[in-house]
Structure formats: C-alpha cells, structure tokens
file input30.cif (mmCIF, C-alpha atoms and all ligand atoms)
data_coords
#
loop_
_atom_site.label_atom_id
_atom_site.label_comp_id
_atom_site.auth_asym_id
_atom_site.auth_seq_id
_atom_site.Cartn_x
_atom_site.Cartn_y
_atom_site.Cartn_z
CA MET W 1 0.00 0.00 0.00
CA THR W 2 1.26 3.49 -0.79
CA ALA W 3 1.27 5.70 2.30
CA LEU W 4 -0.69 8.98 2.17
CA LEU W 5 2.30 10.64 3.82
CA LYS W 6 5.85 9.34 4.02
CA LEU W 7 8.83 11.13 5.54
CA ASP W 8 12.30 9.62 5.29
CA HIS W 9 15.53 10.77 6.95
CA LEU W 10 14.25 14.32 7.31
CA GLN W 11 16.72 17.01 8.32
CA SER W 12 14.88 20.22 9.15
CA PHE W 13 16.06 23.62 10.20
CA TYR W 14 14.89 27.04 11.34
CA GLY W 15 17.73 29.18 10.07
CA SER W 16 20.85 27.51 11.47
CA ALA W 17 18.93 25.68 14.22
CA HIS W 18 18.92 21.98 13.30
CA ILE W 19 15.68 20.51 14.71
CA LEU W 20 14.81 17.23 12.93
CA HIS W 21 17.58 14.66 12.74
CA GLY W 22 16.80 11.90 10.28
CA LEU W 23 13.11 11.67 11.12
CA GLY W 24 11.03 8.99 9.41
CA LEU W 25 7.34 8.20 9.60
CA HIS W 26 4.43 7.21 7.41
CA VAL W 27 0.64 7.28 7.63
CA ASN W 28 -1.49 4.93 5.53
CA ALA W 29 -5.00 5.57 4.27
CA GLY W 30 -7.56 5.46 7.07
CA GLU W 31 -4.95 5.04 9.82
CA ARG W 32 -5.16 6.68 13.27
CA VAL W 33 -1.63 7.49 14.33
CA ALA W 34 -0.50 9.48 17.36
CA LEU W 35 2.77 11.42 17.44
CA ILE W 36 3.83 11.89 21.04
CA GLY W 37 6.80 13.38 22.84
CA ARG W 38 7.77 16.07 25.29
CA ASN W 39 7.66 19.81 24.72
CA GLY W 40 10.29 20.92 22.26
CA VAL W 41 11.18 17.53 20.72
CA GLY W 42 10.11 18.78 17.28
CA LYS W 43 6.50 17.62 16.83
CA THR W 44 5.29 20.90 15.37
CA THR W 45 8.43 21.07 13.26
CA VAL W 46 7.30 17.87 11.53
CA VAL W 47 4.10 19.70 10.55
CA ASN W 48 6.01 22.83 9.62
CA THR W 49 8.34 20.85 7.37
CA ILE W 50 5.38 19.31 5.54
CA LEU W 51 4.00 22.82 5.02
CA GLY W 52 7.37 24.32 4.03
CA LEU W 53 7.50 26.53 7.14
CA ALA W 54 10.63 24.82 8.41
CA GLN W 55 13.45 24.24 5.94
CA MET W 56 14.09 20.68 4.74
CA LYS W 57 17.81 20.28 3.99
CA GLY W 58 17.89 16.52 3.72
CA GLY W 59 15.63 13.51 3.38
CA THR W 60 12.43 13.09 1.40
CA ILE W 61 8.72 13.82 1.66
CA HIS W 62 6.15 11.86 -0.33
CA PHE W 63 2.46 12.68 -0.58
CA GLY W 64 1.17 9.41 -1.98
CA ASN W 65 3.53 8.51 -4.82
CA THR W 66 4.57 12.12 -5.42
CA PRO W 67 7.96 13.28 -4.11
CA ILE W 68 7.65 16.81 -2.72
CA THR W 69 10.82 18.85 -3.03
CA ARG W 70 9.35 22.28 -2.23
CA PRO W 71 6.57 21.74 0.29
CA ARG W 72 3.86 24.41 0.60
CA PRO W 73 0.51 24.44 2.43
CA TYR W 74 -1.51 24.44 -0.80
CA ILE W 75 0.48 21.52 -2.21
CA ALA W 76 -0.32 19.47 0.88
CA ALA W 77 -4.00 20.45 0.62
CA GLN W 78 -4.11 19.50 -3.06
CA HIS W 79 -2.90 16.06 -2.02
CA GLY W 80 -5.58 15.84 0.65
CA ILE W 81 -3.27 16.58 3.59
CA VAL W 82 -4.61 19.32 5.84
CA VAL W 83 -3.35 20.73 9.15
CA VAL W 84 -5.23 21.87 12.22
CA PRO W 85 -2.42 24.04 13.57
CA GLN W 86 -1.30 24.32 17.16
CA GLY W 87 -3.05 27.41 18.56
CA ARG W 88 -5.93 27.09 16.03
CA ARG W 89 -5.23 30.23 13.95
CA ILE W 90 -8.79 31.30 13.27
CA VAL W 91 -8.90 34.24 10.86
CA ALA W 92 -9.94 37.21 13.00
CA ASN W 93 -11.82 39.29 10.46
CA LEU W 94 -13.97 36.44 9.19
CA THR W 95 -17.17 34.97 10.59
CA VAL W 96 -17.44 31.32 11.57
CA GLU W 97 -19.05 30.50 8.23
CA GLU W 98 -16.47 32.46 6.24
CA ASN W 99 -13.70 30.59 8.08
CA LEU W 100 -15.33 27.31 7.10
CA ILE W 101 -15.73 28.35 3.46
CA LEU W 102 -12.04 29.29 3.40
CA GLY W 103 -11.28 25.67 4.22
CA ALA W 104 -12.93 24.57 0.97
CA ALA W 105 -10.75 26.86 -1.16
CA VAL W 106 -8.61 23.96 -2.37
CA GLY W 107 -11.69 22.64 -4.21
CA ARG W 108 -11.33 18.93 -3.49
CA LYS W 109 -14.45 16.86 -4.02
CA GLY W 110 -15.72 14.74 -1.17
CA PRO W 111 -18.45 14.22 1.40
CA TRP W 112 -17.89 17.32 3.53
CA ASN W 113 -19.81 20.56 3.09
CA LEU W 114 -21.23 23.27 5.35
CA ALA W 115 -24.34 21.24 6.19
CA GLY W 116 -22.22 18.26 7.24
CA ILE W 117 -19.96 20.40 9.41
CA TYR W 118 -23.00 21.97 11.09
CA ARG W 119 -24.41 18.50 11.80
CA LEU W 120 -21.10 17.54 13.39
CA PHE W 121 -20.84 20.81 15.37
CA PRO W 122 -24.34 22.28 15.90
CA ILE W 123 -22.82 25.13 17.91
CA LEU W 124 -21.06 26.39 14.77
CA ARG W 125 -24.41 26.74 13.00
CA GLU W 126 -25.74 28.78 15.92
CA ARG W 127 -22.68 31.02 15.78
CA ALA W 128 -22.31 31.01 11.98
CA HIS W 129 -22.33 34.79 11.62
CA THR W 130 -20.19 35.59 14.67
CA PRO W 131 -16.54 36.55 14.19
CA GLY W 132 -14.51 33.35 14.54
CA THR W 133 -12.28 34.80 17.22
CA ALA W 134 -15.33 35.67 19.40
CA LEU W 135 -15.84 31.94 20.07
CA SER W 136 -14.63 30.17 23.21
CA GLY W 137 -11.40 28.19 22.97
CA GLY W 138 -13.25 24.91 22.54
CA GLN W 139 -15.53 26.34 19.87
CA GLN W 140 -12.52 27.77 18.03
CA GLN W 141 -10.97 24.32 18.02
CA MET W 142 -14.20 22.89 16.59
CA LEU W 143 -14.07 25.60 13.94
CA ALA W 144 -10.45 24.72 13.14
CA VAL W 145 -11.41 21.05 12.75
CA GLY W 146 -14.47 21.96 10.67
CA ARG W 147 -12.36 24.19 8.44
CA ALA W 148 -9.92 21.33 7.88
CA LEU W 149 -12.75 18.92 7.00
CA MET W 150 -14.11 21.41 4.45
CA ALA W 151 -11.02 20.60 2.36
CA ASN W 152 -12.24 16.98 2.12
CA PRO W 153 -8.88 15.68 3.33
CA SER W 154 -7.65 12.12 3.21
CA LEU W 155 -5.33 12.91 6.15
CA ILE W 156 -5.69 15.50 8.92
CA LEU W 157 -2.70 16.49 11.02
CA LEU W 158 -3.99 17.68 14.40
CA ASP W 159 -1.33 19.59 16.35
CA GLU W 160 -2.23 19.48 20.06
CA PRO W 161 -5.93 20.07 19.42
CA THR W 162 -6.96 19.81 23.07
CA GLU W 163 -4.24 22.00 24.59
CA GLY W 164 -5.81 24.24 27.24
CA LEU W 165 -9.36 22.94 26.82
CA ALA W 166 -11.74 21.79 29.57
CA PRO W 167 -12.15 18.01 30.00
CA VAL W 168 -15.77 18.09 28.80
CA ILE W 169 -14.67 19.72 25.52
CA VAL W 170 -11.80 17.25 25.19
CA ASP W 171 -14.36 14.43 25.45
CA GLN W 172 -16.49 16.00 22.73
CA LEU W 173 -13.48 16.38 20.46
CA ALA W 174 -12.42 12.78 21.07
CA ASP W 175 -15.85 11.65 19.87
CA ILE W 176 -15.58 13.86 16.82
CA PHE W 177 -12.11 12.56 15.94
CA GLN W 178 -13.45 9.02 16.17
CA GLN W 179 -16.41 9.86 13.94
CA VAL W 180 -14.15 11.50 11.38
CA ALA W 181 -11.79 8.52 11.41
CA ASP W 182 -14.73 6.11 11.17
CA GLN W 183 -15.67 7.84 7.93
CA GLY W 184 -12.26 6.90 6.54
CA THR W 185 -10.15 10.03 7.04
CA ALA W 186 -6.67 9.22 8.36
CA LEU W 187 -5.48 11.10 11.45
CA LEU W 188 -2.04 12.08 12.66
CA LEU W 189 -2.77 13.25 16.19
CA ILE W 190 0.00 15.19 17.90
CA GLU W 191 -1.03 15.11 21.51
CA GLN W 192 0.36 15.24 25.03
CA ASN W 193 -2.93 14.14 26.61
CA LEU W 194 -2.21 10.43 26.48
CA SER W 195 -5.64 9.37 27.69
CA LEU W 196 -6.98 11.02 24.53
CA VAL W 197 -4.32 9.22 22.49
CA VAL W 198 -5.44 5.79 23.70
CA ARG W 199 -9.06 6.63 22.92
CA VAL W 200 -8.40 7.80 19.37
CA ALA W 201 -5.18 6.28 17.99
CA HIS W 202 -4.36 2.72 16.93
CA ARG W 203 -0.61 3.22 16.49
CA PHE W 204 1.84 5.59 18.17
CA LEU W 205 5.14 7.15 17.22
CA ALA W 206 7.27 8.57 20.02
CA MET W 207 9.72 11.39 19.33
CA ALA W 208 12.81 12.48 21.21
CA LYS W 209 15.34 15.08 20.08
CA GLY W 210 14.11 15.45 16.53
CA SER W 211 13.54 11.87 15.51
CA VAL W 212 11.13 8.98 16.03
CA VAL W 213 12.61 6.71 18.69
CA ALA W 214 9.82 4.21 19.29
CA GLU W 215 6.58 3.03 17.77
CA GLY W 216 3.93 0.50 18.54
CA ARG W 217 0.30 -0.41 18.81
CA VAL W 218 -2.07 1.60 21.01
CA VAL W 219 -4.44 -0.34 23.23
CA ASN W 220 -7.33 1.51 24.88
CA SER W 221 -6.87 0.23 28.44
CA PRO W 222 -5.07 1.35 31.64
CA GLN W 223 -2.17 -0.93 30.68
CA GLY W 224 -2.16 0.51 27.16
CA LEU W 225 -1.97 4.00 28.62
CA HIS W 226 0.88 2.97 30.91
CA ASP W 227 2.76 1.44 27.95
CA ILE W 228 2.80 4.66 25.96
CA GLU W 229 3.43 6.90 29.00
CA GLU W 230 6.85 5.33 29.32
CA HIS W 231 7.79 6.60 25.88
CA VAL W 232 7.14 10.24 26.78
CA MET W 233 9.19 10.03 29.97
CA VAL W 234 12.47 9.33 28.15
N1 LIG W 301 10.74 29.49 14.44
C1 LIG W 301 11.68 28.89 15.15
N2 LIG W 301 12.98 29.28 15.10
C2 LIG W 301 13.95 28.66 15.81
N3 LIG W 301 13.72 27.61 16.63
C3 LIG W 301 12.45 27.17 16.73
C4 LIG W 301 11.36 27.79 16.00
N4 LIG W 301 10.21 27.13 16.31
C5 LIG W 301 10.58 26.16 17.20
N5 LIG W 301 11.91 26.19 17.44
C6 LIG W 301 12.67 25.26 18.30
O1 LIG W 301 12.60 23.98 17.71
C7 LIG W 301 12.50 22.96 18.70
C8 LIG W 301 11.30 22.10 18.40
O2 LIG W 301 10.11 22.89 18.50
P1 LIG W 301 8.69 22.34 18.14
O3 LIG W 301 7.75 23.49 18.20
O4 LIG W 301 8.75 21.54 16.91
O5 LIG W 301 8.45 21.36 19.38
P2 LIG W 301 7.12 20.60 19.84
O6 LIG W 301 7.52 19.19 20.06
O7 LIG W 301 6.02 20.90 18.92
O8 LIG W 301 6.85 21.27 21.27
P3 LIG W 301 5.43 21.59 22.00
O9 LIG W 301 4.98 20.30 22.58
O10 LIG W 301 5.82 22.57 23.07
O11 LIG W 301 4.48 22.17 20.99
C9 LIG W 301 12.43 23.69 20.04
O12 LIG W 301 13.71 23.67 20.60
C10 LIG W 301 12.03 25.09 19.67
O13 LIG W 301 12.56 26.01 20.58
MG MG W 302 4.23 21.86 19.11
#

call {"tool": "encode", "arguments": {"input": "input30.cif", "output": "structure tokens", "more": "lines below"}}
Ligand SMILES: Nc1ncnc2c1ncn2[C@@H]1O[C@H](COP(=O)(O)OP(=O)(O)OP(=O)(O)O)[C@@H](O)[C@H]1O
Ligand SMILES: [Mg+2]
result
Amino acid sequence: MTALLKLDHLQSFYGSAHILHGLGLHVNAGERVALIGRNGVGKTTVVNTILGLAQMKGGTIHFGNTPITRPRPYIAAQHGIVVVPQGRRIVANLTVEENLILGAAVGRKGPWNLAGIYRLFPILRERAHTPGTALSGGQQQMLAVGRALMANPSLILLDEPTEGLAPVIVDQLADIFQQVADQGTALLLIEQNLSLVVRVAHRFLAMAKGSVVAEGRVVNSPQGLHDIEEHVMV
C-alpha cells in the first residue's frame, strides 16, 4: 500500500537551528496514528516541514507517490493533507461560516460541506455569523477542525488540538475525531494528553530530540496508557 504521507531521513532547520535529525514516519489511508513526545522535541516542526514553514535540507517527503521537493501548504491540501495548527489560527476578520468556506478553497471533491460540518458541530451553526475569534477556545478548536474537514482531506494532522481545553470539551473532540476517522479520514494526532491518544489512535510514534525513537500499537486500556506513558518520559 502506498502511504498517504511518508517522511524519510528528514533534516529540518529554522535558520541555522537543526531541529529534525533523520526523522522517518508514514501514515497509511484510514490510519489513526498518534505522534507523542515532550515539549520541544520537534513535533510541530514535523508539521512545519510538511508545510514548508521549516526548511528541509535533507531527506524526502512523499504525498502518496509524489515526491515533494518544495513543500507548501496548498500543495499538501491539493494532495488531501490538511493541518489543524497548534493554537488554532482562526482568521480574526472572518465569521465562523467564512472561516469554514475558506477551508474549501482547495476545491477537493468529497463528502464534507457546510451542512455536514454543522451536523457535526451544531454550535457552529448557531454562531455562523459571529466573528470566529469571538468563540470560546473549545468552539474555536471545533471551527479549526471543521475548516480542515471542508477541504475533504484524506489525512488530517492535528497539532495538540486539546491544549488548554476543559475536560468536557476534550471528550467531545475525542468523539468527533473518532467519527471523522470512522468515515475513513486518516489522522495524525499530535497530543500530550495520552488518555486522549489511547481513545483515538491505533498506532503511536514517540519522538525524542528530533527523531522517532519508538513506535507501537495503542491499546485503549489502563495498561495501554501505561505502555505509551513510558515513551514520553524518556
Ligand atoms: N521558528 C523557530 N525558530 C527557531 N527555533 C524554533 C522555532 N520554532 C521552534 N523552534 C525550536 O525547535 C525545537 C522544536 O520545536 P517544536 O515546536 O517543533 O516542538 P514541539 O515538540 O512541537 O513542542 P510543543 O509540545 O511545546 O508544541 C524547540 O527547541 C524550539 O525552541
Ligand atoms: Mg508543538
């Protein structure tokens, strides 16, 4: 099977700061993969490299069978790879609905449209004409997820989507991620909340110091949680 996303021996930099050291990973169609690791190990830099926001000086990126030498956000989106960025980045001057419509700009065909997003997140329909940044943190995260789905992605990269959110909102988002994955969209979930990881992911990749140092199956049980916790301690 050809992976939707494949990174091999990545070397990534911000200026002269060398952040990713030979990182490799892949995500297959429909997979639910978690990328875990402590603050500062380079998780967001993986996303930024895929989007061309961190500089790749070695290694390869493939979107499906296509080698990507000059990554850009729109190139990823054209290949069905969409990011829900850390910190959400809702466009301030746009309403909720305008933010959602922006997500569809890439013009990929698929099952998701405004009506579907509003069924998934009824609160967004209620607040459709409110400025996106007037929403609560949890609602903004729902908007960020909805905006990503509007691109009809085959893979969503979620960068710490529950950071700073109340447990009840985290539970709602976990259900949504499961629903989205059940419909066949692959997930790469970057997450420090490991109880969320065991609920959503089927496979984990653990990072330390700019590379993937362990991987394995995720089991949704107290023992499964314990097993992956060890990999974030190192
Ligand atoms: N724009 C930048 N310029 C220089 N260094 C950066 C830049 N952004 C991040 N870094 C550094 O790169 C390293 C990896 O950062 P990154 O944001 O990828 O970590 P992370 O694993 O996502 O952390 P967190 O869990 O806190 O989000 C850190 O040492 C960070 O200080
Ligand atoms: Mg990060």

call {"tool": "residues_near_point", "arguments": {"input": "input30.cif", "point": "(8.1, 15.5, 0.5)", "cutoff": "12 Å", "atoms": "only C-alpha atoms", "output": "ChimeraX atom specification"}}
result
/W:4-12,24-26,46-52,55-73,75-76,79,81

call {"tool": "closest_residue", "arguments": {"input": "input30.cif", "among": "W:Leu114, W:Gly87, W:Asn93, W:Arg125", "to": "W:Leu165", "atoms": "all atoms listed in the file"}}
result
W:Gly87

call {"tool": "residues_around", "arguments": {"input": "input30.cif", "residues": "W:Thr95", "least_positions_apart": "5", "cutoff": "10 Å", "atoms": "only C-alpha atoms", "output": "list in words"}}
result
Ile90, Leu100, Ile101, Arg127, Ala128, His129, Thr130, Pro131, Gly132, Thr133 and Ala134 of chain W

call {"tool": "closest_residue", "arguments": {"input": "input30.cif", "among": "W:Ala3, W:Leu102, W:Val200, W:Val168", "to": "W:Asp182", "atoms": "only C-alpha atoms"}}
result
W:Val200

call {"tool": "axis_aligned_box", "arguments": {"input": "input30.cif", "around": "ligand LIG 301 (chain W)", "padding_each_side": "6 Å", "output": "lines of an AutoDock Vina configuration file"}}
result
center_x = 9.2
center_y = 24.3
center_z = 18.8
size_x = 21.5
size_y = 22.3
size_z = 20.6

call {"tool": "closest_residue", "arguments": {"input": "input30.cif", "among": "W:His226, W:His231, W:Ala92, W:Gln183", "to": "W:Leu155", "atoms": "only C-alpha atoms"}}
result
W:Gln183

call {"tool": "residues_around", "arguments": {"input": "input30.cif", "residues": "W:Gly210", "least_positions_apart": "3", "cutoff": "6 Å", "atoms": "only C-alpha atoms", "output": "PyMOL selection string"}}
result
chain W and resi 19-21+41-42
